[in-house]
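Participant: I am attaching a structure below and will ask some questions about it afterwards.
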Amino acid sequence: MSVTESPAAPTRRIIHKGLAGVVVDTTAISKVVPETNSLIYRGYPVQDLAARCSFEEVAYLLWYGELPTSLQLEAFVQKERASRRVGRGLLALLAKLPETCHPMDVVRTAISYLGADDPLEDQTDERANLDKAIRLFAVLPTIVAADMRRRRGLEPLAPHSHLGYVENFFTMCFGEAGDPVLRNAFEKSMILYAEHSFNASTFAARVVTSTRSDMYSAVTAAIGALKGSLHGGANEAVMYDMIEIDRSERAREWLQGKLARKEKVMGFGHRVYKNGDSRVPTMKAALVEVSEHLGDSRWLEIYHELEDEMNARTGIKPNLDFPTGPAYHLMGFDIGSFTPMFVMSRITGWTAHIIEQVSANALIRPLSEYSGHPQRALGT
Ligand SMILES: CC(=O)SCCNC(=O)CCNC(=O)[C@H](O)C(C)(C)COP(=O)(O)OP(=O)(O)OC[C@H]1O[C@@H](n2cnc3c(N)ncnc32)[C@H](O)[C@@H]1OP(=O)(O)O
Ligand SMILES: O=C([O-])CC(=O)C(=O)O
C-alpha cells in the first residue's frame, strides 16, 4: 500500500508587528522602566543628570560608562572644542542643497559626506569609533547652525573654541550666546534627548552596524529614522500644530476634531510609556521657566489645554516632543531645525549603541511570514 504523505500542517508563527514587546538584545547604556516612569543612563536617573550635569558630562557618561573626573572632563572638552570646525568642501556641498529640502536632509547628507571623507578604518576598533563619535558630536552643531543661518539668508559663523557646547551653539545660530535661562533649558533638552534604549532610530543604527558597516552609515540610517513624525519629527509637528491652533481657546475644539477624524495628535503617546514619559516633567518645567522668563505664556496655555483634553478623552499622555517643540520655538530656533537639534543630542546615544553593538555583534535579521501568492509555475 502506498502512503501519500500529506504536507505538514503549516505552523503559524506569532507575528510581533512593529517588534512591539520583543526584547532584541541587552544594553548597558540606558534602562526605560515604564512601570515606575523612570529612565536611567548608565545607572543615573535622567532627571538628576539634567539637574546637575552639563551635556558634555552626560555625553562622556554614555560613551565611557562613568561620569568624568575633572581632569577627564577637561581633556574631553578640549578634544570636542578642537573638532568643531567643518571643512570648506562640506560647507560648499551643503550650500548647493536646495533650500526647499528639509534640514534633516542636510544633516543626513553632511554625515554621509563626513563618512566619505574619513579614511576607512577597522569597524571593530573601539578607540577609532570613540574618536569618530566625539567628532560627530563636535561638528553637528556647526552643521545645524550653518543651515539655520543659510535659510535666514545669513553667512555661517565659525565655532568658538573658548565657549562651552551650548553657548557655542547659540552663538553660531544667533551671533551671540544670549540668555542663560534659555541656554539652561536647552541644555536640559539635550540631556533628556540623548538616549532612550532601542527606539527606532537607535535600532536602525544597530541594524546597520550589525552587518559590519561603518559608523557614518549607521548614523545616516538613524537620522533617516528620526526624521519621521512618529519619532523625532514630532517635535516640529507639535509646533506647527500649536501655530495652527493659535489661541488656547481654540485648543480643545481643535483636538476634538483631530480625534474625531482618527488622526494622531503629535507629541502624545509612546510605544513604551503608556502612563507618561519619564522626561516630560523635567522638560515641562523647563518650558514653564522659559515662558515665565520671557513673559510669553501663549504656547504654555495651549499646552495645558491640549494635555487636559487629551487626557480626558483618551488618557494618552504627552511625550518629550510635546514640551520641547514650544520650548525651542520660544528660544528662537526655526521649526525645521528642531529635529536636527534632536540629532545633535541623540548622536551620543546612537554612537554608544553602535560601539556596544560592535563589541558583541550578531547580524540582526528577523523572519517574516509570507502573505503573497502561493508558489506557481511560470507560463511556457
Ligand atoms: C521622541 C519620540 O520619538 S516620542 C514619540 C513621538 N511621536 C509622536 O508624538 C507621534 C504621535 N504618537 C504616535 O503616533 C504613537 O503614540 C506612537 C507611534 C509614538 C506609539 O504608538 P504605538 O505604541 O505603536 O501605539 P499605537 O499607535 O498603536 O496606538 C495605540 C492606540 O492609541 C492611539 N494613539 C496613540 N498615540 C496617539 C496619538 N498621539 N494621538 C491619537 N491617538 C493615539 C492609537 O490610535 C491607537 O488607538 P486604537 O487602539 O484605537 O487604534
Ligand atoms: O523610545 C522611543 O520609542 C522613542 C523615544 O522616546 C526616544 O527615542 O527618545
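Residues are named by chain letter and number: chains run A, B, ... in the order of the C-alpha cells, numbers start at 1 in each chain, and ligands are numbered from 1 in the order shown.
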Find the spatial neighbours of Phe174 of chain A, counting only C-alpha atoms, within a cut-off of 12 Å - ignore same-chain residues fewer than 5 positions away - and output them as a list in words.
Facilitator: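 Using only C-alpha atoms, the neighbours found are Ala145, Ala146, Met148, Arg149, Arg150, Arg152, Leu154, Glu155, Pro156, Leu157, Ala158, Glu167, Asn168, Phe169, Asp179, Met331, Gly332, Phe333 and Asp334 of chain A.
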Participant: Determine, using only C-alpha atoms and all ligand atoms, which residues of chain A have any atom at most 10 Å from an atom of ligand 2, and tabulate each with its shortest atom pair and distance in Å to one decimal place, rows ordered by chain and then rising number, as a tab-separated table.
Facilitator:
```
residue	atom	partner	partner_atom_place_in_ligand_line	distance
A:Val32	CA	ligand 2	1 (O)	8.3
A:Leu192	CA	ligand 2	9 (O)	8.1
A:Tyr193	CA	ligand 2	9 (O)	5.9
A:Ala194	CA	ligand 2	9 (O)	7.7
A:Glu195	CA	ligand 2	9 (O)	6.4
A:His196	CA	ligand 2	9 (O)	4.9
A:Ser197	CA	ligand 2	1 (O)	6.6
A:Phe198	CA	ligand 2	1 (O)	6.5
A:Asn199	CA	ligand 2	3 (O)	4.0
A:Ala200	CA	ligand 2	3 (O)	6.0
A:Ser201	CA	ligand 2	8 (O)	7.0
A:Thr202	CA	ligand 2	8 (O)	7.6
A:Phe203	CA	ligand 2	3 (O)	9.7
A:Leu226	CA	ligand 2	8 (O)	8.0
A:Leu230	CA	ligand 2	4 (C)	8.6
A:His231	CA	ligand 2	4 (C)	6.0
A:Gly232	CA	ligand 2	8 (O)	7.1
A:Gly269	CA	ligand 2	6 (O)	9.4
A:His270	CA	ligand 2	3 (O)	6.4
A:Arg271	CA	ligand 2	3 (O)	5.5
A:Val272	CA	ligand 2	3 (O)	6.4
A:Tyr273	CA	ligand 2	1 (O)	8.4
A:Asp277	CA	ligand 2	6 (O)	7.7
A:Ser278	CA	ligand 2	6 (O)	9.3
A:Arg279	CA	ligand 2	6 (O)	8.9
A:Asn319	CA	ligand 2	6 (O)	6.9
A:Leu320	CA	ligand 2	6 (O)	6.8
A:Asp321	CA	ligand 2	6 (O)	8.3
A:Phe342	CA	ligand 2	9 (O)	9.2
A:Arg346	CA	ligand 2	9 (O)	8.3
A:Gly349	CA	ligand 2	8 (O)	9.6
```
Participant: What does the file look like for those residues with C-alpha atoms, as a tab-separated table (two decimals), in the first residue's frame?
Facilitator:
```
chain	number	residue	atom	x	y	z
A	32	VAL	CA	13.49	52.63	30.46
A	192	LEU	CA	16.85	64.40	28.01
A	193	TYR	CA	17.03	63.64	24.29
A	194	ALA	CA	20.44	61.94	24.47
A	195	GLU	CA	19.49	58.30	24.88
A	196	HIS	CA	16.44	56.04	25.02
A	197	SER	CA	17.36	52.36	24.63
A	198	PHE	CA	16.11	50.58	21.48
A	199	ASN	CA	13.99	53.34	19.96
A	200	ALA	CA	13.50	53.20	16.18
A	201	SER	CA	16.50	55.35	15.18
A	202	THR	CA	18.90	53.65	17.58
A	203	PHE	CA	17.68	50.28	16.40
A	226	LEU	CA	14.50	60.01	13.42
A	230	LEU	CA	6.12	59.22	14.60
A	231	HIS	CA	9.62	59.61	16.08
A	232	GLY	CA	11.83	62.74	16.31
A	269	GLY	CA	1.63	58.66	23.16
A	270	HIS	CA	4.62	56.38	23.28
A	271	ARG	CA	5.46	52.82	22.34
A	272	VAL	CA	6.94	52.02	25.74
A	273	TYR	CA	5.50	54.51	28.22
A	277	ASP	CA	7.05	59.86	29.56
A	278	SER	CA	9.73	59.95	32.28
A	279	ARG	CA	11.38	63.00	30.71
A	319	ASN	CA	5.86	62.57	25.22
A	320	LEU	CA	9.13	64.52	25.31
A	321	ASP	CA	8.50	66.16	21.94
A	342	PHE	CA	17.48	66.25	18.46
A	346	ARG	CA	20.98	61.66	20.17
A	349	GLY	CA	23.21	57.57	22.37
```
Participant: So that I can check the secondary structure, give me every residue of segment 202-305 of chain A assigned alpha helix (DSSP H) by backbone DSSP, as a VMD selection string.
Facilitator: chain A and resid 202 to 210 215 to 227 234 to 245 251 to 260 280 to 294 298 to 305
Participant: From the set A:Ser83, A:Ser248, A:Thr124, A:Thr314, which residue has the shortest atom-to-atom contact distance to ligand 1, counting only C-alpha atoms and all ligand atoms?
Facilitator: A:Thr314
Participant: Please provide as a PyMOL selection string all residues within 10 Å of Arg85 of chain A, with the sequence filter that same-chain residues fewer than 6 positions apart are discarded (counting only C-alpha atoms).
Facilitator: chain A and resi 135+138-143+158-161
Participant: Export, as a compact mmCIF listing (two decimals), in the first residue's frame, the selected residues with C-alpha atoms.
Facilitator:
```
# COMPACT_ATOMS: atom_id res chain seq x y z
CA ARG A 135 33.98 64.32 16.13
CA ALA A 138 31.50 68.30 17.89
CA VAL A 139 30.64 69.11 14.25
CA LEU A 140 26.87 68.60 14.32
CA PRO A 141 26.13 71.98 15.99
CA THR A 142 28.29 73.69 13.34
CA ILE A 143 26.31 72.00 10.57
CA ALA A 158 32.69 79.67 12.71
CA PRO A 159 32.63 77.79 16.03
CA HIS A 160 34.33 79.31 19.07
CA SER A 161 36.79 77.03 20.82
```
Participant: Please determine, counting only C-alpha atoms, which residue among A:Ile364, A:Met242, A:Val343, A:Cys101 has the shortest atom-to-atom distance to Ala225 of chain A.
Facilitator: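 Using only C-alpha atoms, Ala225 of chain A sits closest to A:Val343.
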Participant: Would you pick out the contacts of segment 44-56 of chain A at 6 Å or less, using only C-alpha atoms, so that residues sharing its chain but fewer than 3 positions from it are not included, and give the list as a list in words?
Facilitator: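 Everything that qualifies: Leu39, Ile40, Tyr41, Ala59, Lys188 and Ile191 of chain A.
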Participant: Please list as an mmCIF file with N, CA and C atoms, in the first residue's frame every residue within 12 Å of Ile302 of chain A, counting only C-alpha atoms and excluding residues in the same chain fewer than 5 positions away.
Facilitator:
```cif
data_model
loop_
_atom_site.group_PDB
_atom_site.id
_atom_site.type_symbol
_atom_site.label_atom_id
_atom_site.label_comp_id
_atom_site.auth_asym_id
_atom_site.auth_seq_id
_atom_site.Cartn_x
_atom_site.Cartn_y
_atom_site.Cartn_z
ATOM 1 N N VAL A 238 4.541 69.230 16.508
ATOM 2 C CA VAL A 238 3.855 69.828 17.669
ATOM 3 C C VAL A 238 3.783 71.347 17.502
ATOM 4 N N MET A 239 4.884 71.937 17.077
ATOM 5 C CA MET A 239 4.902 73.407 16.979
ATOM 6 C C MET A 239 4.027 73.893 15.827
ATOM 7 N N ASP A 241 1.392 72.429 14.841
ATOM 8 C CA ASP A 241 0.008 72.297 15.334
ATOM 9 C C ASP A 241 -0.346 73.470 16.247
ATOM 10 N N MET A 242 0.575 73.811 17.132
ATOM 11 C CA MET A 242 0.271 74.912 18.079
ATOM 12 C C MET A 242 0.079 76.233 17.332
ATOM 13 N N ILE A 243 0.841 76.422 16.283
ATOM 14 C CA ILE A 243 0.694 77.653 15.486
ATOM 15 C C ILE A 243 -0.667 77.638 14.784
ATOM 16 N N GLU A 244 -1.051 76.452 14.301
ATOM 17 C CA GLU A 244 -2.367 76.333 13.650
ATOM 18 C C GLU A 244 -3.488 76.611 14.669
ATOM 19 N N ILE A 245 -3.325 76.111 15.881
ATOM 20 C CA ILE A 245 -4.337 76.322 16.930
ATOM 21 C C ILE A 245 -4.411 77.804 17.291
ATOM 22 N N ASP A 246 -3.263 78.432 17.383
ATOM 23 C CA ASP A 246 -3.135 79.883 17.539
ATOM 24 C C ASP A 246 -3.478 80.419 18.927
ATOM 25 N N ARG A 247 -4.656 80.076 19.462
ATOM 26 C CA ARG A 247 -5.076 80.614 20.762
ATOM 27 C C ARG A 247 -5.590 79.473 21.621
ATOM 28 N N SER A 248 -5.350 79.566 22.934
ATOM 29 C CA SER A 248 -5.711 78.450 23.827
ATOM 30 C C SER A 248 -7.219 78.152 23.773
ATOM 31 N N GLU A 249 -8.033 79.188 23.526
ATOM 32 C CA GLU A 249 -9.493 78.961 23.488
ATOM 33 C C GLU A 249 -9.878 78.012 22.352
ATOM 34 N N ARG A 250 -9.011 77.892 21.364
ATOM 35 C CA ARG A 250 -9.339 77.021 20.219
ATOM 36 C C ARG A 250 -8.807 75.599 20.373
ATOM 37 N N ALA A 251 -7.988 75.379 21.426
ATOM 38 C CA ALA A 251 -7.240 74.124 21.513
ATOM 39 C C ALA A 251 -8.136 72.884 21.660
ATOM 40 N N ARG A 252 -9.128 72.993 22.536
ATOM 41 C CA ARG A 252 -9.948 71.791 22.808
ATOM 42 C C ARG A 252 -10.745 71.376 21.568
ATOM 43 N N GLU A 253 -11.317 72.366 20.904
ATOM 44 C CA GLU A 253 -12.101 72.066 19.702
ATOM 45 C C GLU A 253 -11.201 71.462 18.620
ATOM 46 N N TRP A 254 -10.013 72.035 18.499
ATOM 47 C CA TRP A 254 -9.037 71.521 17.512
ATOM 48 C C TRP A 254 -8.727 70.050 17.795
ATOM 49 N N LEU A 255 -8.507 69.744 19.069
ATOM 50 C CA LEU A 255 -8.158 68.373 19.447
ATOM 51 C C LEU A 255 -9.332 67.422 19.198
ATOM 52 N N ASP A 296 5.890 85.158 28.125
ATOM 53 C CA ASP A 296 5.096 84.735 26.968
ATOM 54 C C ASP A 296 4.457 83.381 27.298
ATOM 55 N N SER A 297 3.178 83.416 27.673
ATOM 56 C CA SER A 297 2.529 82.177 28.126
ATOM 57 C C SER A 297 1.634 81.550 27.048
ATOM 58 N N GLU A 307 -3.126 69.059 26.745
ATOM 59 C CA GLU A 307 -2.785 67.977 27.689
ATOM 60 C C GLU A 307 -4.038 67.519 28.444
ATOM 61 N N ASP A 308 -4.811 68.495 28.954
ATOM 62 C CA ASP A 308 -6.024 68.171 29.723
ATOM 63 C C ASP A 308 -7.068 67.462 28.866
ATOM 64 N N GLU A 309 -7.314 68.029 27.703
ATOM 65 C CA GLU A 309 -8.354 67.489 26.832
ATOM 66 C C GLU A 309 -7.981 66.084 26.349
ATOM 67 N N MET A 310 -6.716 65.900 26.003
ATOM 68 C CA MET A 310 -6.258 64.581 25.520
ATOM 69 C C MET A 310 -6.377 63.551 26.637
ATOM 70 N N PHE A 322 6.526 66.984 23.103
ATOM 71 C CA PHE A 322 5.439 67.955 23.325
ATOM 72 C C PHE A 322 5.948 69.234 24.014
ATOM 73 N N PRO A 323 6.665 69.131 25.130
ATOM 74 C CA PRO A 323 7.202 70.387 25.694
ATOM 75 C C PRO A 323 8.400 70.931 24.921
ATOM 76 N N PRO A 326 7.475 73.694 21.740
ATOM 77 C CA PRO A 326 7.292 75.118 22.079
ATOM 78 C C PRO A 326 8.498 75.730 22.793
#
```
Participant: Which residue, A:Pro119, A:Pro98, A:Gly164, A:Pro318, has the smallest gap to ligand 1 when you use only C-alpha atoms and all ligand atoms?
Facilitator: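 Using only C-alpha atoms and all ligand atoms, ligand 1 sits closest to A:Pro318.
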Participant: Quick one: of A:Glu236, A:Glu292, A:Glu301, A:Glu35, who's nearest to ligand 1, counting only C-alpha atoms and all ligand atoms?
Facilitator: A:Glu236
Participant: Would you mind reading off the distance between atom CA of Glu80 of chain A and atom CA of Thr27 of chain A, one decimal, in Å?
Facilitator: 25.6 Å
Participant: Which is closest to ligand 1 among A:Arg298, A:Lys262, A:Lys284, A:Lys132, if we use only C-alpha atoms and all ligand atoms?
Facilitator: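 The shortest atom-to-atom distance to ligand 1 comes from A:Lys262.
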Participant: Name the closest residue to Thr209 of chain A among the candidates A:Lys79, A:Leu367, A:His329, A:Ala221; distances are taken between atoms, counting only C-alpha atoms.
Facilitator: A:Ala221
